[in-house]
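Have a look at coords_31.txt below; it lists compact mmCIF, C-alpha atoms.
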# COMPACT_ATOMS: atom_id res chain seq x y z
CA MET A 1215 -27.41 -23.02 0.14
CA LYS A 1216 -30.80 -23.64 1.70
CA LEU A 1217 -31.46 -26.33 4.21
CA HIS A 1218 -34.17 -28.88 3.63
CA ARG A 1219 -36.83 -28.64 6.30
CA ILE A 1220 -36.20 -30.94 9.22
CA ASN A 1221 -39.51 -32.76 9.15
CA GLN A 1222 -40.66 -35.50 11.46
CA ARG A 1223 -40.24 -38.71 9.48
CA PRO A 1224 -39.46 -42.36 10.07
CA SER A 1225 -35.74 -42.89 10.23
CA THR A 1226 -34.11 -44.96 7.51
CA ALA A 1227 -30.85 -46.82 7.76
CA ASN A 1228 -29.35 -45.65 4.47
CA THR A 1229 -30.78 -42.17 4.00
CA MET A 1230 -29.81 -38.93 5.68
CA LEU A 1231 -31.10 -35.55 4.61
CA ALA A 1232 -28.57 -32.97 3.49
CA SER A 1233 -29.66 -30.80 6.40
CA GLU A 1234 -28.92 -33.58 8.88
CA LEU A 1235 -25.43 -34.11 7.47
CA MET A 1236 -24.74 -30.38 7.78
CA LEU A 1237 -25.96 -30.41 11.38
CA ALA A 1238 -23.84 -33.50 12.05
CA GLU A 1239 -20.79 -31.66 10.72
CA GLN A 1240 -21.50 -28.76 13.07
CA ALA A 1241 -22.05 -31.11 16.00
CA LEU A 1242 -18.70 -32.79 15.35
CA PHE A 1243 -16.95 -29.43 15.10
CA HIS A 1244 -18.38 -28.18 18.39
CA GLN A 1245 -17.67 -31.44 20.15
CA ARG A 1246 -14.04 -30.27 20.13
CA ILE A 1247 -14.90 -27.18 22.20
CA GLU A 1248 -14.67 -27.76 25.94
CA ARG A 1249 -16.10 -25.28 28.42
CA ASN A 1250 -15.81 -24.75 32.11
CA GLU A 1251 -16.93 -21.90 34.33
CA LYS A 1252 -14.47 -19.33 32.93
CA THR A 1253 -12.59 -20.69 29.92
CA ILE A 1254 -13.11 -22.32 26.54
CA VAL A 1255 -10.57 -24.83 25.24
CA LYS A 1256 -10.65 -25.87 21.59
CA ASN A 1257 -9.07 -29.01 20.18
CA ASN A 1258 -7.70 -27.86 16.81
CA VAL A 1259 -7.69 -31.26 15.11
CA ASP A 1260 -9.00 -31.08 11.54
CA ASP A 1261 -12.07 -33.34 11.66
CA ARG A 1262 -13.39 -31.96 8.36
CA ILE A 1263 -11.71 -35.04 6.90
CA LEU A 1264 -14.69 -37.04 8.12
CA SER A 1265 -17.48 -34.78 6.89
CA GLN A 1266 -15.79 -34.23 3.51
CA LEU A 1267 -15.42 -37.96 2.95
CA ARG A 1268 -19.02 -38.63 4.03
CA GLU A 1269 -20.30 -36.05 1.55
CA LEU A 1270 -18.18 -37.59 -1.22
CA MET A 1271 -19.35 -41.16 -0.69
CA PRO A 1272 -22.52 -41.10 -2.85
CA VAL A 1273 -20.73 -39.16 -5.61
CA LEU A 1274 -17.73 -41.47 -5.76
CA LYS A 1275 -19.94 -44.56 -5.89
CA LYS A 1276 -21.37 -43.29 -9.19
CA ARG A 1277 -17.97 -42.74 -10.82
CA VAL A 1278 -17.29 -45.07 -13.75
CA SER A 1279 -14.55 -43.17 -15.60
CA PRO A 1280 -10.90 -42.99 -14.48
CA ALA A 1281 -10.25 -40.62 -11.60
CA PHE A 1282 -6.93 -39.37 -12.97
CA ASP A 1283 -5.56 -38.64 -16.42
CA ILE A 1284 -2.40 -37.00 -17.75
CA GLU A 1285 -1.78 -33.67 -19.42
CA GLN A 1286 1.28 -33.01 -21.60
CA VAL A 1287 3.06 -29.83 -20.51
CA ARG A 1288 6.00 -29.90 -22.97
CA ASP A 1289 7.71 -32.33 -25.28
CA GLY A 1290 8.26 -35.60 -23.50
CA PHE A 1291 6.84 -34.41 -20.15
CA ALA A 1292 3.41 -34.56 -18.56
CA ARG A 1293 1.65 -34.18 -15.25
CA VAL A 1294 -1.12 -36.16 -13.58
CA ARG A 1295 -4.41 -34.31 -13.01
CA CYS A 1296 -7.75 -34.96 -11.34
CA ALA A 1297 -10.60 -35.87 -13.68
CA GLY A 1298 -13.34 -34.12 -11.68
CA ASP A 1299 -14.19 -32.09 -8.60
CA ASP A 1300 -15.02 -35.22 -6.65
CA VAL A 1301 -11.51 -36.55 -7.24
CA SER A 1302 -9.98 -33.21 -6.20
CA LYS A 1303 -11.95 -33.36 -2.96
CA LEU A 1304 -10.91 -36.96 -2.37
CA LEU A 1305 -7.30 -35.92 -2.93
CA SER A 1306 -7.77 -33.22 -0.29
CA VAL A 1307 -9.00 -35.88 2.16
CA LEU A 1308 -6.07 -38.18 1.36
CA SER A 1309 -3.58 -35.35 1.97
CA LYS A 1310 -4.84 -34.55 5.48
CA ASP A 1311 -3.06 -35.46 8.69
CA HIS A 1312 -4.85 -38.68 9.67
CA ALA A 1313 -2.49 -39.36 12.57
CA GLN A 1314 -3.44 -36.01 14.13
CA LEU A 1315 -7.12 -36.86 13.73
CA ALA A 1316 -6.65 -40.19 15.50
CA ALA A 1317 -4.77 -38.47 18.31
CA GLY A 1318 -7.58 -35.94 18.66
CA TYR A 1319 -10.19 -38.67 19.19
CA PRO A 1320 -8.42 -41.26 21.39
CA CYS A 1321 -11.64 -42.67 22.85
CA TYR A 1322 -13.65 -42.87 19.64
CA ILE A 1323 -14.06 -45.12 16.63
CA PHE A 1324 -14.57 -43.59 13.19
CA PHE A 1325 -17.27 -44.47 10.68
CA PRO A 1326 -16.61 -47.67 8.68
CA VAL A 1327 -15.87 -46.17 5.25
CA TYR A 1328 -13.17 -43.93 6.72
CA ARG A 1329 -11.62 -46.91 8.51
CA GLU A 1330 -11.52 -48.77 5.19
CA LEU A 1331 -9.81 -45.80 3.56
CA LEU A 1332 -7.12 -45.84 6.25
CA LYS A 1333 -6.53 -49.54 5.60
CA LEU A 1334 -6.01 -48.87 1.89
CA LEU A 1335 -3.59 -46.03 2.63
CA ARG A 1336 -1.53 -48.34 4.82
CA LEU A 1337 -1.56 -51.07 2.20
CA ALA A 1338 -0.55 -48.60 -0.52
CA GLN A 1339 2.19 -47.27 1.79
CA SER A 1340 1.28 -43.77 0.68
CA GLY A 1341 2.11 -40.91 3.00
CA ARG A 1342 -0.19 -37.93 3.42
CA TYR A 1343 1.88 -35.86 0.95
CA ALA A 1344 2.34 -38.51 -1.77
CA PHE A 1345 -0.83 -37.92 -3.79
CA ASP A 1346 -0.55 -34.15 -3.57
CA TRP A 1347 3.11 -34.24 -4.63
CA TYR A 1348 2.37 -36.41 -7.65
CA LEU A 1349 -0.18 -33.91 -8.96
CA LYS A 1350 2.07 -30.89 -8.46
CA SER A 1351 5.13 -32.42 -10.13
CA THR A 1352 6.14 -33.00 -13.74
CA PHE A 1353 7.28 -36.40 -15.01
CA SER A 1354 8.21 -38.05 -18.22
CA ILE A 1355 5.16 -39.18 -20.13
CA GLU A 1356 5.90 -42.83 -19.32
CA GLU A 1357 6.23 -42.09 -15.60
CA ALA A 1358 3.05 -39.96 -15.61
CA ILE A 1359 1.10 -42.78 -17.25
CA GLU A 1360 2.34 -45.25 -14.63
CA ILE A 1361 1.52 -42.90 -11.73
CA ALA A 1362 -1.98 -42.26 -13.11
CA LYS A 1363 -2.46 -46.01 -13.49
CA HIS A 1364 -1.63 -46.69 -9.82
CA ALA A 1365 -3.69 -43.71 -8.60
CA ASN A 1366 -6.70 -44.86 -10.62
CA ARG A 1367 -6.29 -48.35 -9.23
CA PHE A 1368 -6.34 -46.97 -5.69
CA VAL A 1369 -9.59 -45.07 -6.30
CA GLU A 1370 -11.18 -48.04 -8.09
CA VAL A 1371 -10.41 -50.33 -5.17
CA PHE A 1372 -11.75 -47.79 -2.68
CA ILE A 1373 -15.01 -47.48 -4.62
CA LYS A 1374 -15.34 -51.26 -4.77
CA VAL A 1375 -14.76 -51.47 -1.01
CA MET A 1376 -17.49 -48.86 -0.38
CA LYS A 1377 -19.91 -50.90 -2.50
CA ARG A 1378 -19.26 -54.17 -0.69
CA PRO A 1379 -22.48 -55.36 1.00
CA LEU A 1380 -20.73 -55.84 4.34
CA VAL A 1381 -19.24 -52.33 4.33
CA LYS A 1382 -22.54 -50.80 3.22
CA LYS A 1383 -24.34 -52.60 6.03
CA GLU A 1384 -21.77 -51.54 8.62
CA GLN A 1385 -22.03 -47.93 7.44
CA GLU A 1386 -25.82 -48.01 7.61
CA ASN A 1387 -25.77 -49.50 11.10
CA PHE A 1388 -23.21 -46.93 12.25
CA GLU A 1389 -25.43 -44.04 11.13
CA ARG A 1390 -28.73 -45.54 12.22
CA SER A 1391 -28.32 -44.95 15.96
CA PRO A 1392 -27.50 -41.20 15.91
CA ASN A 1393 -30.12 -40.61 13.22
CA ASP A 1394 -32.76 -42.47 15.22
CA ASN A 1395 -31.77 -40.61 18.39
CA PHE A 1396 -32.06 -37.27 16.59
CA GLN A 1397 -35.47 -38.05 15.12
CA SER A 1398 -36.71 -39.43 18.44
CA LEU A 1399 -35.61 -36.31 20.31
CA LEU A 1400 -37.30 -34.10 17.69
CA SER A 1401 -40.47 -36.12 18.23
CA ASN A 1402 -40.27 -35.48 21.98
CA ILE A 1403 -39.86 -31.76 21.37
CA ALA A 1404 -42.76 -31.74 18.90
CA ALA A 1405 -45.04 -33.58 21.34
CA ILE A 1406 -44.22 -31.13 24.12
CA SER A 1407 -44.88 -28.18 21.80
CA GLU A 1408 -48.29 -29.64 20.93
CA ARG A 1409 -49.41 -29.88 24.52
CA TYR A 1410 -47.79 -26.80 26.08
CA LEU A 1411 -47.66 -23.19 24.99
CA ASP A 1412 -44.62 -22.41 27.13
CA ALA A 1413 -41.81 -24.34 28.78
CA VAL A 1414 -38.59 -23.80 30.68
CA VAL A 1415 -35.54 -25.15 28.82
CA LEU A 1416 -32.21 -25.83 30.54
CA ARG A 1417 -28.79 -26.55 28.98
CA PHE A 1418 -25.81 -27.56 31.06
CA ASP A 1419 -22.61 -29.60 30.83
CA MET A 1420 -21.72 -31.93 33.67
CA PHE A 1421 -18.12 -32.78 34.61
CA TYR A 1422 -16.47 -35.16 37.05
CA GLN A 1423 -12.91 -34.83 38.31
CA PRO A 1424 -11.77 -38.01 40.11
CA ALA A 1425 -10.12 -37.84 43.51
CA ASP A 1426 -6.65 -38.45 42.06
CA GLY A 1427 -6.99 -35.31 39.93
CA VAL A 1428 -6.91 -37.17 36.60
CA PRO A 1429 -9.91 -36.65 34.30
CA VAL A 1430 -11.91 -39.74 33.44
CA LYS A 1431 -10.18 -41.01 30.30
CA ASP A 1432 -10.04 -44.24 28.38
CA GLY A 1433 -6.96 -46.40 28.46
CA ASP A 1434 -5.28 -47.69 31.61
CA GLN A 1435 -7.16 -50.23 33.69
CA PRO A 1436 -7.12 -48.09 36.92
CA GLN A 1437 -9.04 -45.36 35.12
CA LEU A 1438 -11.86 -47.74 34.24
CA GLY A 1439 -12.82 -47.61 37.91
CA HIS A 1440 -13.39 -43.88 37.51
CA LEU A 1441 -15.70 -44.60 34.58
CA HIS A 1442 -17.79 -46.90 36.74
CA GLU A 1443 -17.89 -44.22 39.43
CA LEU A 1444 -19.12 -41.69 36.91
CA LEU A 1445 -21.87 -43.99 35.64
CA ALA A 1446 -23.00 -44.78 39.19
CA HIS A 1447 -23.15 -41.06 40.00
CA ARG A 1448 -25.15 -40.46 36.81
CA THR A 1449 -27.73 -43.06 37.87
CA ARG A 1450 -28.16 -41.36 41.24
CA PHE A 1451 -28.37 -37.97 39.55
CA HIS A 1452 -31.18 -39.07 37.23
CA ALA A 1453 -33.09 -40.55 40.19
CA TRP A 1454 -32.79 -37.19 41.97
CA LEU A 1455 -34.02 -35.31 38.88
CA ARG A 1456 -37.17 -37.41 38.75
CA LYS A 1457 -37.78 -37.02 42.47
CA ARG A 1458 -37.03 -33.28 42.55
CA PHE A 1459 -39.14 -32.17 39.59
CA LYS A 1460 -41.79 -34.94 39.54
CA SER A 1461 -44.51 -34.17 36.95
CA ASP A 1462 -42.77 -30.91 35.99
CA LEU A 1463 -39.96 -32.90 34.34
CA LEU A 1464 -41.19 -33.17 30.75
CA LEU A 1465 -37.91 -34.22 29.17
CA TYR A 1466 -34.24 -34.68 29.92
CA ALA A 1467 -31.78 -35.86 27.28
CA TRP A 1468 -28.05 -36.37 27.69
CA ALA A 1469 -24.96 -37.34 25.73
CA LEU A 1470 -21.71 -38.75 27.12
CA GLU A 1471 -18.59 -37.43 25.36
CA HIS A 1472 -14.85 -37.37 25.82
CA GLY A 1473 -12.67 -34.25 25.70
CA ARG A 1474 -8.90 -34.22 25.62
CA GLU A 1475 -8.75 -31.65 28.42
CA ARG A 1476 -11.59 -32.69 30.73
CA GLY A 1477 -12.06 -36.36 29.92
CA LEU A 1478 -15.54 -37.85 29.99
CA HIS A 1479 -18.41 -35.42 30.51
CA HIS A 1480 -22.14 -35.09 29.83
CA HIS A 1481 -24.24 -32.60 27.89
CA TYR A 1482 -27.85 -32.12 29.02
CA LEU A 1483 -31.05 -30.69 27.59
CA MET A 1484 -33.98 -30.41 30.03
CA THR A 1485 -37.53 -29.19 29.56
CA LEU A 1486 -39.77 -28.31 32.52
CA LYS A 1487 -43.30 -27.09 32.96
CA PRO A 1488 -43.12 -23.31 33.34
CA ARG A 1489 -45.11 -22.72 36.50
CA GLY A 1490 -42.79 -22.48 39.49
CA ASN A 1491 -39.66 -23.00 37.38
CA GLU A 1492 -39.26 -19.51 35.92
CA ASP A 1493 -35.96 -18.87 37.74
CA HIS A 1494 -34.11 -21.17 35.35
CA VAL A 1495 -30.58 -19.90 35.98
CA ASN A 1496 -30.82 -20.65 39.70
CA ILE A 1497 -32.43 -24.01 38.96
CA VAL A 1498 -29.25 -24.99 37.11
CA HIS A 1499 -27.25 -23.70 40.09
CA GLU A 1500 -29.35 -26.00 42.29
CA ILE A 1501 -28.61 -28.89 39.94
CA ASP A 1502 -24.91 -27.99 40.18
CA ASP A 1503 -25.05 -28.14 43.96
CA LYS A 1504 -26.75 -31.53 43.87
CA TRP A 1505 -24.23 -32.96 41.38
CA SER A 1506 -21.42 -31.73 43.64
CA THR A 1507 -23.07 -33.42 46.61
CA ILE A 1508 -23.55 -36.71 44.77
CA THR A 1509 -19.90 -36.72 43.66
CA LEU A 1510 -18.57 -35.64 47.09
CA GLY A 1511 -17.34 -32.34 45.69
CA LEU A 1512 -15.67 -33.83 42.62
CA GLY A 1513 -18.36 -32.77 40.13
CA SER A 1514 -19.09 -29.41 38.51
CA ILE A 1515 -21.50 -27.98 35.96
CA TYR A 1516 -21.29 -25.36 33.22
CA ASN A 1517 -24.52 -23.34 33.25
CA GLY A 1518 -25.54 -22.66 29.65
CA ASN A 1519 -28.62 -20.68 30.72
CA GLU A 1520 -26.42 -17.87 32.01
CA ALA A 1521 -25.41 -17.10 28.41
CA ARG A 1522 -28.89 -17.43 26.87
CA HIS A 1523 -28.97 -13.75 25.83
CA LYS A 1524 -26.10 -14.38 23.37
CA GLN A 1525 -28.06 -16.90 21.33
CA ARG A 1526 -29.27 -16.25 17.81
CA TYR A 1527 -32.17 -18.64 18.34
CA LYS A 1528 -33.18 -18.00 21.93
CA ALA A 1529 -34.28 -21.43 23.09
CA LEU A 1530 -33.22 -21.42 26.76
CA GLY A 1531 -35.06 -20.21 29.81
CA LEU A 1532 -38.79 -19.50 29.77
CA VAL A 1533 -39.71 -19.76 26.09
CA SER A 1534 -42.81 -19.79 23.90
CA LEU A 1535 -43.14 -23.06 22.03
CA ASN A 1536 -45.22 -21.22 19.45
CA ASP A 1537 -42.13 -19.33 18.30
CA PRO A 1538 -40.45 -20.99 15.28
CA ASN A 1539 -37.09 -19.53 16.31
CA VAL A 1540 -37.35 -21.39 19.61
CA ILE A 1541 -38.14 -24.62 17.77
CA THR A 1542 -35.14 -24.05 15.51
CA GLY A 1543 -32.92 -23.50 18.54
CA LEU A 1544 -34.17 -26.71 20.12
CA GLN A 1545 -33.47 -28.57 16.89
CA LEU A 1546 -29.89 -27.29 16.92
CA ILE A 1547 -29.44 -28.41 20.52
CA ALA A 1548 -30.93 -31.82 19.67
CA SER A 1549 -28.54 -32.17 16.74
CA TYR A 1550 -25.55 -31.34 18.91
CA ILE A 1551 -26.49 -33.98 21.45
CA THR A 1552 -27.02 -36.73 18.87
CA LEU A 1553 -25.59 -36.23 15.38
CA ALA A 1554 -21.83 -36.21 15.99
CA GLY A 1555 -22.32 -39.98 16.15
CA VAL A 1556 -22.68 -40.01 12.37
CA TYR A 1557 -18.89 -39.66 12.21
CA VAL A 1558 -17.50 -40.88 15.55
CA LYS A 1559 -18.73 -43.11 18.34
CA LEU A 1560 -17.51 -43.15 21.92
CA ASN A 1561 -15.68 -46.38 22.71
CA VAL A 1562 -15.02 -46.78 26.44
CA GLY A 1563 -16.21 -50.33 26.93
CA ALA A 1564 -19.20 -52.55 26.36
CA ASN A 1565 -22.64 -51.62 27.70
CA VAL A 1566 -21.77 -47.95 28.27
CA ASP A 1567 -24.62 -45.82 26.95
CA ALA A 1568 -23.51 -42.58 25.29
CA PHE A 1569 -27.03 -41.18 24.85
CA GLY A 1570 -30.27 -41.40 26.76
CA LYS A 1571 -33.44 -39.53 27.67
CA GLY A 1572 -36.26 -39.63 30.13
CA GLY A 1573 -38.96 -37.55 31.76
CA ASN A 1574 -42.74 -37.63 31.56
CA MET A 1575 -42.65 -36.94 27.80
CA GLY A 1576 -39.21 -38.37 27.06
CA GLY A 1577 -40.20 -41.81 25.82
CA ASP A 1578 -39.59 -43.23 22.35
CA ASP A 1579 -43.28 -42.89 21.37
CA PRO A 1580 -44.29 -39.32 22.30
CA GLN A 1581 -47.69 -39.69 20.62
CA VAL A 1582 -48.91 -41.77 23.56
CA TYR A 1583 -48.84 -38.60 25.64
CA LEU A 1584 -51.24 -36.93 23.20
CA LYS A 1585 -53.86 -39.70 23.24
CA ALA A 1586 -54.96 -39.31 26.84
CA GLY A 1587 -56.03 -36.33 28.91
CA ARG A 1588 -56.96 -32.94 27.53
CA PRO A 1589 -56.42 -32.36 23.82
CA PRO A 1590 -53.45 -30.39 22.55
CA LYS A 1591 -53.85 -26.65 22.83
CA ARG A 1592 -52.77 -26.03 19.25
CA GLN A 1593 -51.13 -27.50 16.19
CA PRO A 1594 -47.34 -27.76 16.32
CA PRO A 1595 -45.39 -24.96 14.64
CA VAL A 1596 -43.86 -25.67 11.25
CA PRO A 1597 -40.05 -25.97 11.51
CA ILE A 1598 -38.44 -23.16 9.59
CA ALA A 1599 -35.76 -23.66 6.98
CA ILE A 1600 -32.44 -21.94 7.66
CA SER A 1601 -29.39 -21.46 5.50
CA ALA A 1602 -26.11 -23.18 6.21
CA ALA A 1603 -24.57 -19.83 7.19
CA GLU A 1604 -27.44 -19.04 9.55
CA GLY A 1605 -27.18 -22.50 11.07
CA ARG A 1606 -23.49 -21.99 11.84
CA ALA A 1607 -23.93 -18.43 13.12
CA ARG A 1608 -23.51 -18.39 16.90
CA TYR A 1609 -24.20 -22.10 17.00
CA VAL A 1610 -21.42 -22.32 19.59
CA ASN A 1611 -23.80 -20.75 22.09
CA PHE A 1612 -25.92 -23.89 22.15
CA ILE A 1613 -23.21 -26.26 23.35
What does this structure look like when you write it as structure tokens?
Amino acid sequence: MKLHRINQRPSTANTMLASELMLAEQALFHQRIERNEKTIVKNNVDDRILSQLRELMPVLKKRVSPAFDIEQVRDGFARVRCAGDDVSKLLSVLSKDHAQLAAGYPCYIFFPVYRELLKLLRLAQSGRYAFDWYLKSTFSIEEAIEIAKHANRFVEVFIKVMKRPLVKKEQENFERSPNDNFQSLLSNIAAISERYLDAVVLRFDMFYQPADGVPVKDGDQPQLGHLHELLAHRTRFHAWLRKRFKSDLLLYAWALEHGRERGLHHHYLMTLKPRGNEDHVNIVHEIDDKWSTITLGLGSIYNGNEARHKQRYKALGLVSLNDPNVITGLQLIASYITLAGVYVKLNVGANVDAFGKGGNMGGDDPQVYLKAGRPPKRQPPVPIAISAAEGRARYVNFI
């Protein structure tokens, strides 16, 4: 399966390219992987429930025929069967462990259509195994007809709920922010690549361990104080970045996430002018030292630049912005920072930003940087199309 090209385009509230949905699925998967200096911890919750349902939504909305029918297996007996691949996939979603998924994302809210599906499951009082059991069992013809009738009613109601104007609007609004953030970050990267032939790219994850030894997690009121501490430290950290790198700081973008093992943490992408910043690994070490100082020794950083040689698309360190593989790598990093929000959104209180960016070329309208001063050195490179398999290959190295 080939990806559509990830072109610069105005974001729309109700349209996402197939390539963006695939990248969002990858971003969600890798959000469950938590790193520190020596170990990798993976949360094994099955979040494919979310991506599978999101892919099914436009297909199910077009369904007009019954989702289930019956097939006679012998005299007087029949079984219920799915009337299409889309119904089989929906059945797979219904049979997943939704309680485990909720436990795996304690500080997040799920996208609106999935929340509506959970409501219907509770109203129908159907356990995760009920639908699957009905399709694998044999019943009298009368019982099979009744089961198919109720199953069809469930799917019909779900489709009607998806088509409700309020639900459609909520779903569009939910997806708009991560999609806009992704497109905006791609625009920043494109603007930088137009003006500069080379750049230094940094990737690091930033952690904060409160003084009481408990990671910053949502829930109890005392832990909300740790959240405020973290946000205050982040503000000071960004001020130091701007002061330390001055005009060399072309872009910094960050995402705030929650991990079950390490609580709240940040992912960063930074782009610097190359001259004087070639020693990128030690620059991240310097950033680590400063974060530790700001947090009074309670903060630490995972240095992604130390593992840059393992990447399939080598986009970290001193890179040529004329290389399409570098641009592809930067796109993957941008998708990781932004697109998991298509499925889940961090929910740790009002007015807590989970994404942001800054720097001399980190604004929302990068074209303003190309209107003044010397003209761009060259035209931007054309983003290359990659297959789904290539996109997943070694993608873990970008997180």
Give me the residues of range 1350-1414 of chain A that have any atom at most 9 Å from an atom of range 1479-1499 of chain A; for each, the nearest atom pair and the distance in Å, rounded to one decimal. Use all atoms listed in the file, sort by chain and number, and format it as a Markdown table.
| residue | atom | partner | partner_atom | distance |
| --- | --- | --- | --- | --- |
| A:Ile1403 | CA | A:Thr1485 | CA | 8.9 |
| A:Ile1406 | CA | A:Thr1485 | CA | 8.8 |
| A:Tyr1410 | CA | A:Lys1487 | CA | 8.2 |
| A:Asp1412 | CA | A:Pro1488 | CA | 6.5 |
| A:Ala1413 | CA | A:Pro1488 | CA | 4.9 |
| A:Val1414 | CA | A:Leu1486 | CA | 5.0 |
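Within the 12 Å cut-off around Ile1501 in chain A, using only C-alpha atoms and omitting residues fewer than 4 positions from it on the same chain, the listed residues are Leu1416, Arg1417, Phe1418, Asp1419, Met1420, Phe1451, His1452, Trp1454, Leu1455, Arg1458, Phe1459, Tyr1482, Met1484, His1494, Val1495, Asn1496, Ile1497, Trp1505, Ser1506, Thr1507, Ile1508, Gly1513, Ser1514, Ile1515, Tyr1516 and Asn1517 of chain A.
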Within 10 Å of Val1294 in chain A using all atoms listed in the file, minus same-chain residues under 3 positions, as a list in words
Phe1282, Asp1283, Ile1284, Glu1285, Gln1286, Ala1297, Phe1345, Tyr1348, Leu1349, Lys1350, Ser1351, Thr1352, Phe1353, Ile1355, Glu1357, Ala1358, Ile1359, Glu1360, Ile1361, Ala1362, Lys1363 and Ala1365 of chain A
Please identify all polymer residues lying at most 9 Å from the point (-29.0, -32.2, 15.6) (file coordinates), using all atoms listed in the file, and present the result as a ChimeraX atom specification. /A:1234,1237-1238,1240-1241,1393,1396-1397,1400,1544-1554
Create the file for the chosen residues now, containing C-alpha atoms and written as a PDB file, keeping the file's coordinate frame.
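Wrote it out as out34.pdb, contents follow:
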ATOM      1  CA  GLU A1234     -28.920 -33.580   8.880  1.00  0.00           C
ATOM      2  CA  LEU A1237     -25.960 -30.410  11.380  1.00  0.00           C
ATOM      3  CA  ALA A1238     -23.840 -33.500  12.050  1.00  0.00           C
ATOM      4  CA  GLN A1240     -21.500 -28.760  13.070  1.00  0.00           C
ATOM      5  CA  ALA A1241     -22.050 -31.110  16.000  1.00  0.00           C
ATOM      6  CA  ASN A1393     -30.120 -40.610  13.220  1.00  0.00           C
ATOM      7  CA  PHE A1396     -32.060 -37.270  16.590  1.00  0.00           C
ATOM      8  CA  GLN A1397     -35.470 -38.050  15.120  1.00  0.00           C
ATOM      9  CA  LEU A1400     -37.300 -34.100  17.690  1.00  0.00           C
ATOM     10  CA  LEU A1544     -34.170 -26.710  20.120  1.00  0.00           C
ATOM     11  CA  GLN A1545     -33.470 -28.570  16.890  1.00  0.00           C
ATOM     12  CA  LEU A1546     -29.890 -27.290  16.920  1.00  0.00           C
ATOM     13  CA  ILE A1547     -29.440 -28.410  20.520  1.00  0.00           C
ATOM     14  CA  ALA A1548     -30.930 -31.820  19.670  1.00  0.00           C
ATOM     15  CA  SER A1549     -28.540 -32.170  16.740  1.00  0.00           C
ATOM     16  CA  TYR A1550     -25.550 -31.340  18.910  1.00  0.00           C
ATOM     17  CA  ILE A1551     -26.490 -33.980  21.450  1.00  0.00           C
ATOM     18  CA  THR A1552     -27.020 -36.730  18.870  1.00  0.00           C
ATOM     19  CA  LEU A1553     -25.590 -36.230  15.380  1.00  0.00           C
ATOM     20  CA  ALA A1554     -21.830 -36.210  15.990  1.00  0.00           C
TER      21      ALA A1554
END
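Here CA of Glu1370 in chain A and CA of Arg1329 in chain A stand 16.6 Å from one another.
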Proximity check range 1440-1538 of chain A to range 1309-1323 of chain A, 12 Å, nearest pairs one decimal Å, all atoms listed in the file, as CSV:
residue,atom,partner,partner_atom,distance
A:Leu1470,CA,A:Cys1321,CA,11.6
A:Glu1471,CA,A:Cys1321,CA,9.1
A:His1472,CA,A:Cys1321,CA,6.9
A:Gly1473,CA,A:Tyr1319,CA,8.3
A:Arg1474,CA,A:Gly1318,CA,7.3
A:Glu1475,CA,A:Gly1318,CA,10.7
A:Gly1477,CA,A:Cys1321,CA,9.5
A:Leu1478,CA,A:Cys1321,CA,9.5
field: Cut-off 12 Å around (-45.8, -36.8, 35.4) with only C-alpha atoms: residues as a ChimeraX atom specification
entry: /A:1456-1465,1486-1487,1572-1576,1583
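The interatomic distance for the pair CA of Asn1565 in chain A and CA of Ser1401 in chain A works out to 25.5 Å.
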Pairwise distance, CA of Tyr1527 in chain A with CA of Asn1395 in chain A, equals 22.0 Å
* To do: Return the single residue from A:Pro1272, A:Asp1300, A:Arg1293, A:Arg1450 that is closest to Lys1382 in chain A, with distances computed using only C-alpha atoms.
  =>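 Closest to Lys1382 in chain A of all the choices is A:Pro1272.
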Kindly reconstruct range 1355-1363 of chain A with N, CA and C atoms and present the result as a tab-separated table (two decimals), keeping the file's coordinate frame.
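Below is the file selection_38.tsv, written as the result:
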chain	number	residue	atom	x	y	z
A	1355	ILE	N	6.48	-38.68	-19.78
A	1355	ILE	CA	5.16	-39.18	-20.13
A	1355	ILE	C	4.98	-40.61	-19.64
A	1356	GLU	N	6.00	-41.44	-19.78
A	1356	GLU	CA	5.90	-42.83	-19.32
A	1356	GLU	C	5.67	-42.91	-17.82
A	1357	GLU	N	6.41	-42.09	-17.05
A	1357	GLU	CA	6.23	-42.09	-15.60
A	1357	GLU	C	4.84	-41.57	-15.22
A	1358	ALA	N	4.38	-40.52	-15.90
A	1358	ALA	CA	3.05	-39.96	-15.61
A	1358	ALA	C	1.96	-40.99	-15.86
A	1359	ILE	N	2.09	-41.74	-16.95
A	1359	ILE	CA	1.10	-42.78	-17.25
A	1359	ILE	C	1.08	-43.83	-16.16
A	1360	GLU	N	2.26	-44.23	-15.68
A	1360	GLU	CA	2.34	-45.25	-14.63
A	1360	GLU	C	1.76	-44.74	-13.31
A	1361	ILE	N	2.06	-43.48	-12.97
A	1361	ILE	CA	1.52	-42.90	-11.73
A	1361	ILE	C	0.00	-42.82	-11.80
A	1362	ALA	N	-0.53	-42.34	-12.95
A	1362	ALA	CA	-1.98	-42.26	-13.11
A	1362	ALA	C	-2.62	-43.63	-13.01
A	1363	LYS	N	-1.94	-44.64	-13.55
A	1363	LYS	CA	-2.46	-46.01	-13.49
A	1363	LYS	C	-2.61	-46.47	-12.04
